[in-house]
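Novice: Input structure: final.pdb, which contains PDB, C-alpha atoms.
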MODEL        1
ATOM      1  CA  MET K  16      35.293  29.270 -15.508  1.00  0.00           C
ATOM      2  CA  ASP K  17      34.427  25.811 -14.163  1.00  0.00           C
ATOM      3  CA  ARG K  18      30.824  25.012 -15.061  1.00  0.00           C
ATOM      4  CA  ARG K  19      29.278  21.645 -14.372  1.00  0.00           C
ATOM      5  CA  ALA K  20      26.493  20.273 -16.555  1.00  0.00           C
ATOM      6  CA  SER K  21      23.088  20.399 -14.953  1.00  0.00           C
ATOM      7  CA  GLU K  22      20.162  18.135 -15.764  1.00  0.00           C
ATOM      8  CA  SER K  23      18.718  20.752 -18.088  1.00  0.00           C
ATOM      9  CA  ASP K  24      22.028  21.021 -19.976  1.00  0.00           C
ATOM     10  CA  THR K  25      22.277  17.306 -20.680  1.00  0.00           C
ATOM     11  CA  GLY K  26      18.636  16.691 -21.459  1.00  0.00           C
ATOM     12  CA  SER K  27      18.792  13.493 -19.414  1.00  0.00           C
ATOM     13  CA  ALA K  28      16.655  14.627 -16.504  1.00  0.00           C
ATOM     14  CA  PRO K  29      13.923  12.169 -15.596  1.00  0.00           C
ATOM     15  CA  ALA K  30      10.436  13.335 -16.456  1.00  0.00           C
ATOM     16  CA  ARG K  31       8.502  14.602 -13.440  1.00  0.00           C
ATOM     17  CA  ASN K  32       5.241  13.107 -14.764  1.00  0.00           C
ATOM     18  CA  GLU K  33       6.467   9.526 -14.979  1.00  0.00           C
ATOM     19  CA  VAL K  34       3.922   6.929 -13.942  1.00  0.00           C
ATOM     20  CA  PRO K  35       5.244   4.878 -11.017  1.00  0.00           C
ATOM     21  CA  PRO K  36       5.402   1.113 -11.452  1.00  0.00           C
ATOM     22  CA  GLY K  37       2.423  -0.910 -10.294  1.00  0.00           C
ATOM     23  CA  GLY K  38       2.343  -1.938  -6.673  1.00  0.00           C
ATOM     24  CA  ARG K  39       1.972  -0.465  -3.259  1.00  0.00           C
ATOM     25  CA  VAL K  40       4.311   0.991  -0.655  1.00  0.00           C
ATOM     26  CA  GLU K  41       3.508   0.483   3.005  1.00  0.00           C
ATOM     27  CA  ILE K  42       5.404   2.098   5.847  1.00  0.00           C
ATOM     28  CA  ALA K  43       4.919   0.452   9.240  1.00  0.00           C
ATOM     29  CA  ASP K  44       3.785   2.619  12.132  1.00  0.00           C
ATOM     30  CA  HIS K  45       6.844   1.585  14.177  1.00  0.00           C
ATOM     31  CA  ALA K  46       9.104   2.796  11.346  1.00  0.00           C
ATOM     32  CA  ILE K  47       7.400   6.193  11.478  1.00  0.00           C
ATOM     33  CA  ALA K  48       7.680   6.117  15.287  1.00  0.00           C
ATOM     34  CA  SER K  49      11.458   5.617  14.977  1.00  0.00           C
ATOM     35  CA  ILE K  50      11.742   8.755  12.847  1.00  0.00           C
ATOM     36  CA  VAL K  51       9.562  10.665  15.322  1.00  0.00           C
ATOM     37  CA  HIS K  52      11.600   9.410  18.300  1.00  0.00           C
ATOM     38  CA  GLY K  53      14.856  10.737  16.872  1.00  0.00           C
ATOM     39  CA  ALA K  54      13.288  14.072  15.970  1.00  0.00           C
ATOM     40  CA  VAL K  55      11.745  14.560  19.427  1.00  0.00           C
ATOM     41  CA  LEU K  56      14.869  13.743  21.414  1.00  0.00           C
ATOM     42  CA  ALA K  57      16.898  16.137  19.237  1.00  0.00           C
ATOM     43  CA  CYS K  58      14.672  19.033  20.375  1.00  0.00           C
ATOM     44  CA  TYR K  59      16.032  21.449  22.961  1.00  0.00           C
ATOM     45  CA  GLY K  60      14.282  21.046  26.304  1.00  0.00           C
ATOM     46  CA  VAL K  61      12.998  17.475  25.839  1.00  0.00           C
ATOM     47  CA  VAL K  62      14.694  15.065  28.234  1.00  0.00           C
ATOM     48  CA  ASP K  63      12.667  11.883  27.650  1.00  0.00           C
ATOM     49  CA  MET K  64       9.539  10.329  26.232  1.00  0.00           C
ATOM     50  CA  ALA K  65       6.764   9.580  28.727  1.00  0.00           C
ATOM     51  CA  PRO K  66       5.127   6.150  28.637  1.00  0.00           C
ATOM     52  CA  ARG K  67       1.631   6.113  27.113  1.00  0.00           C
ATOM     53  CA  SER K  68       0.625   2.757  28.587  1.00  0.00           C
ATOM     54  CA  ILE K  69       1.105   0.640  31.708  1.00  0.00           C
ATOM     55  CA  GLY K  70       3.182  -1.898  29.754  1.00  0.00           C
ATOM     56  CA  SER K  71       5.475   0.829  28.490  1.00  0.00           C
ATOM     57  CA  ALA K  72       5.858   2.243  32.007  1.00  0.00           C
ATOM     58  CA  ILE K  73       6.745  -1.183  33.426  1.00  0.00           C
ATOM     59  CA  GLY K  74       9.241  -1.757  30.604  1.00  0.00           C
ATOM     60  CA  LYS K  75      10.915   1.559  31.383  1.00  0.00           C
ATOM     61  CA  ARG K  76      11.205   0.644  35.074  1.00  0.00           C
ATOM     62  CA  LEU K  77      12.820  -2.672  34.093  1.00  0.00           C
ATOM     63  CA  GLY K  78      15.349  -0.819  31.936  1.00  0.00           C
ATOM     64  CA  ARG K  79      14.001  -1.943  28.576  1.00  0.00           C
ATOM     65  CA  SER K  80      14.462   0.503  25.734  1.00  0.00           C
ATOM     66  CA  ASN K  81      11.478   1.064  23.465  1.00  0.00           C
ATOM     67  CA  PRO K  82      11.806   3.732  20.764  1.00  0.00           C
ATOM     68  CA  GLY K  83       8.008   3.753  20.401  1.00  0.00           C
ATOM     69  CA  ARG K  84       7.423   4.729  24.039  1.00  0.00           C
ATOM     70  CA  GLY K  85       5.377   7.903  24.253  1.00  0.00           C
ATOM     71  CA  ILE K  86       4.512   7.836  20.546  1.00  0.00           C
ATOM     72  CA  ALA K  87       1.256   6.904  18.834  1.00  0.00           C
ATOM     73  CA  VAL K  88       1.083   7.045  15.024  1.00  0.00           C
ATOM     74  CA  ARG K  89      -2.024   6.859  12.844  1.00  0.00           C
ATOM     75  CA  VAL K  90      -2.048   6.880   9.061  1.00  0.00           C
ATOM     76  CA  ALA K  91      -5.365   7.538   7.316  1.00  0.00           C
ATOM     77  CA  ASP K  92      -5.883   8.492   3.676  1.00  0.00           C
ATOM     78  CA  GLY K  93      -2.132   8.931   3.212  1.00  0.00           C
ATOM     79  CA  ARG K  94      -1.906  11.510   5.999  1.00  0.00           C
ATOM     80  CA  ILE K  95      -0.063  11.009   9.286  1.00  0.00           C
ATOM     81  CA  THR K  96      -1.204  11.971  12.775  1.00  0.00           C
ATOM     82  CA  VAL K  97       1.256  11.712  15.658  1.00  0.00           C
ATOM     83  CA  ASP K  98       0.455  11.831  19.386  1.00  0.00           C
ATOM     84  CA  LEU K  99       3.427  12.386  21.709  1.00  0.00           C
ATOM     85  CA  SER K 100       3.968  12.273  25.455  1.00  0.00           C
ATOM     86  CA  VAL K 101       7.161  14.017  26.533  1.00  0.00           C
ATOM     87  CA  ILE K 102       9.051  15.044  29.648  1.00  0.00           C
ATOM     88  CA  VAL K 103      10.551  18.523  29.502  1.00  0.00           C
ATOM     89  CA  GLU K 104      13.552  20.000  31.323  1.00  0.00           C
ATOM     90  CA  TYR K 105      12.493  22.102  34.294  1.00  0.00           C
ATOM     91  CA  GLY K 106      13.160  25.790  33.662  1.00  0.00           C
ATOM     92  CA  THR K 107      12.693  25.699  29.902  1.00  0.00           C
ATOM     93  CA  PRO K 108       9.716  27.490  28.361  1.00  0.00           C
ATOM     94  CA  VAL K 109       7.312  24.530  28.126  1.00  0.00           C
ATOM     95  CA  PHE K 110       4.998  25.950  25.456  1.00  0.00           C
ATOM     96  CA  THR K 111       7.940  26.945  23.259  1.00  0.00           C
ATOM     97  CA  VAL K 112       9.524  23.494  23.631  1.00  0.00           C
ATOM     98  CA  ALA K 113       6.214  21.781  22.741  1.00  0.00           C
ATOM     99  CA  LYS K 114       5.733  24.029  19.696  1.00  0.00           C
ATOM    100  CA  ASN K 115       9.297  23.297  18.567  1.00  0.00           C
ATOM    101  CA  VAL K 116       8.633  19.546  18.936  1.00  0.00           C
ATOM    102  CA  MET K 117       5.531  19.876  16.750  1.00  0.00           C
ATOM    103  CA  GLN K 118       7.401  21.731  14.001  1.00  0.00           C
ATOM    104  CA  THR K 119      10.468  19.471  14.123  1.00  0.00           C
ATOM    105  CA  VAL K 120       8.469  16.239  13.971  1.00  0.00           C
ATOM    106  CA  LYS K 121       6.337  17.516  11.096  1.00  0.00           C
ATOM    107  CA  PHE K 122       9.410  18.614   9.130  1.00  0.00           C
ATOM    108  CA  GLN K 123      11.453  15.437   9.731  1.00  0.00           C
ATOM    109  CA  VAL K 124       8.619  13.020   8.932  1.00  0.00           C
ATOM    110  CA  GLU K 125       7.589  14.872   5.777  1.00  0.00           C
ATOM    111  CA  ARG K 126      11.202  15.193   4.632  1.00  0.00           C
ATOM    112  CA  THR K 127      12.042  11.546   5.330  1.00  0.00           C
ATOM    113  CA  LEU K 128       8.859   9.886   4.075  1.00  0.00           C
ATOM    114  CA  GLY K 129       7.469  12.368   1.589  1.00  0.00           C
ATOM    115  CA  MET K 130       4.038  11.966   3.209  1.00  0.00           C
ATOM    116  CA  PRO K 131       2.041  14.869   4.645  1.00  0.00           C
ATOM    117  CA  VAL K 132       1.714  15.151   8.414  1.00  0.00           C
ATOM    118  CA  GLU K 133      -1.782  16.304   9.236  1.00  0.00           C
ATOM    119  CA  ARG K 134      -1.321  16.804  12.951  1.00  0.00           C
ATOM    120  CA  VAL K 135       1.245  16.504  15.762  1.00  0.00           C
ATOM    121  CA  ASN K 136      -0.250  16.521  19.261  1.00  0.00           C
ATOM    122  CA  VAL K 137       2.191  17.029  22.140  1.00  0.00           C
ATOM    123  CA  SER K 138       1.316  16.201  25.730  1.00  0.00           C
ATOM    124  CA  VAL K 139       3.825  17.345  28.333  1.00  0.00           C
ATOM    125  CA  GLU K 140       3.541  14.662  31.020  1.00  0.00           C
ATOM    126  CA  GLY K 141       6.125  16.007  33.406  1.00  0.00           C
ATOM    127  CA  LEU K 142       9.102  18.200  34.163  1.00  0.00           C
ATOM    128  CA  ARG K 143      12.519  16.910  35.192  1.00  0.00           C
ATOM    129  CA  VAL K 144      15.243  18.745  37.056  1.00  0.00           C
ATOM    130  CA  SER K 145      18.603  17.663  35.692  1.00  0.00           C
ATOM    131  CA  PRO K 146      21.474  17.102  38.120  1.00  0.00           C
ATOM    132  CA  GLY K 147      23.645  20.195  38.328  1.00  0.00           C
ATOM    133  CA  SER K 148      21.074  22.496  36.722  1.00  0.00           C
ATOM    134  CA  ALA K 149      20.292  25.937  38.136  1.00  0.00           C
ATOM    135  CA  GLY K 150      16.927  24.679  39.397  1.00  0.00           C
ATOM    136  CA  GLY K 151      18.466  21.665  41.159  1.00  0.00           C
ATOM    137  CA  ALA K 152      18.984  21.251  44.895  1.00  0.00           C
ATOM    138  CA  THR K 153      22.743  21.614  44.487  1.00  0.00           C
ATOM    139  CA  ALA K 154      22.587  24.999  42.774  1.00  0.00           C
ATOM    140  CA  GLY K 155      24.888  27.530  44.452  1.00  0.00           C
ATOM    141  CA  ARG K 156      26.780  24.941  46.536  1.00  0.00           C
ATOM    142  CA  GLY K 157      30.442  24.149  46.271  1.00  0.00           C
ATOM    143  CA  ARG K 158      31.633  27.737  45.899  1.00  0.00           C
ATOM    144  CA  ALA K 159      34.407  28.930  48.149  1.00  0.00           C
TER
ENDMDL
END
Re-express the file's structure as structure tokens.
Specialist:
Amino acid sequence: MDRRASESDTGSAPARNEVPPGGRVEIADHAIASIVHGAVLACYGVVDMAPRSIGSAIGKRLGRSNPGRGIAVRVADGRITVDLSVIVEYGTPVFTVAKNVMQTVKFQVERTLGMPVERVNVSVEGLRVSPGSAGGATAGRGRA
């Protein structure tokens, strides 16, 4: 029987009640926004982030990529609040997609940073019909 030593077997497990060294850890809002961006775009039904400002909208039109577009992050008392503006695929259940975004963002941020997420607010700013989708203008064409 192959049995590997666990921390409890060796007695070398670090104490859970250790006092951390002096100092402070700060995580920039744009770093949190990067985590949020990846989590949102991985969600089924989300096709893009919607700009939350005029500058962000102009940047998108000019082809500039901004991972913080459509994301506002606030950290207060060690708790994170995230506001999102998303564009959802036409034909997907919008409420279900938004709820999934909320849960996914909360999970990913808490898992990655170890900080509690107090709130995730999702604003669906638009719907987009993807080329070749069933809801598109080309649906049903091209069949012989």
Novice: Pick the closest to Val112 (chain K) from K:Val40, K:Val135, K:Val97, K:Val61: which is it, counting all atoms listed in the file?
Specialist: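 Checking each candidate against Val112 (chain K), we get K:Val61 as the closest.
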Novice: Give as an MDAnalysis selection string the residues that the PyMOL selection byres ((chain K and resi 44) around 8) matches when applied to the coordinates above.
Specialist: chainID K and resid 42:43 45:48 88:90
Novice: What is the CA of Val124 (chain K)-CA of Ser145 (chain K) distance in Å, reported with one decimal?
Specialist: 28.9 Å
Novice: Find the residue from K:Val51, K:Glu41, K:Thr107, K:Val62 that sits nearest to Phe122 (chain K); use only C-alpha atoms when measuring.
Specialist: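 For Phe122 (chain K), the nearest of the given residues is K:Val51.
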Novice: Which one of K:Val109, K:Val137, K:Val116, K:Val101 sits closest to Met64 (chain K) if you count all atoms listed in the file?
Specialist: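 Of K:Val109, K:Val137, K:Val116, K:Val101, the one nearest Met64 (chain K) is K:Val101, counting all atoms listed in the file.
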Novice: What is the distance between CA of Tyr59 (chain K) and CA of Asn136 (chain K), in Å to one decimal?
Specialist: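 Separation of CA of Tyr59 (chain K) and CA of Asn136 (chain K): 17.4 Å.
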Novice: So which one's closest to Gly93 (chain K), K:Ser49, K:Gly38, K:Met130, K:Leu142? Using only C-alpha atoms, please.
Specialist: K:Met130
Novice: In Å, how far is it from CA of Arg84 (chain K) to CA of Glu104 (chain K)?
Specialist: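 So the two atoms, CA of Arg84 (chain K) and CA of Glu104 (chain K), lie 18.0 Å apart.
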Novice: Exactly which residues make up the result of the PyMOL selection byres ((chain K and resi 54) around 8) on this file, given as a list in words?
Specialist: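 Output of the PyMOL selection byres ((chain K and resi 54) around 8): Ile50, Val51, His52, Gly53, Val55, Leu56, Ala57, Cys58, Val116, Thr119, Val120 and Gln123 of chain K.
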Novice: Counting all atoms listed in the file, what is within 9 Å of Val139 (chain K), bar same-chain residues fewer than 6 positions away, as a list of chain:residue names?
Specialist: K:Ala65, K:Leu99, K:Ser100, K:Val101, K:Ile102, K:Val103, K:Val109, K:Ala113
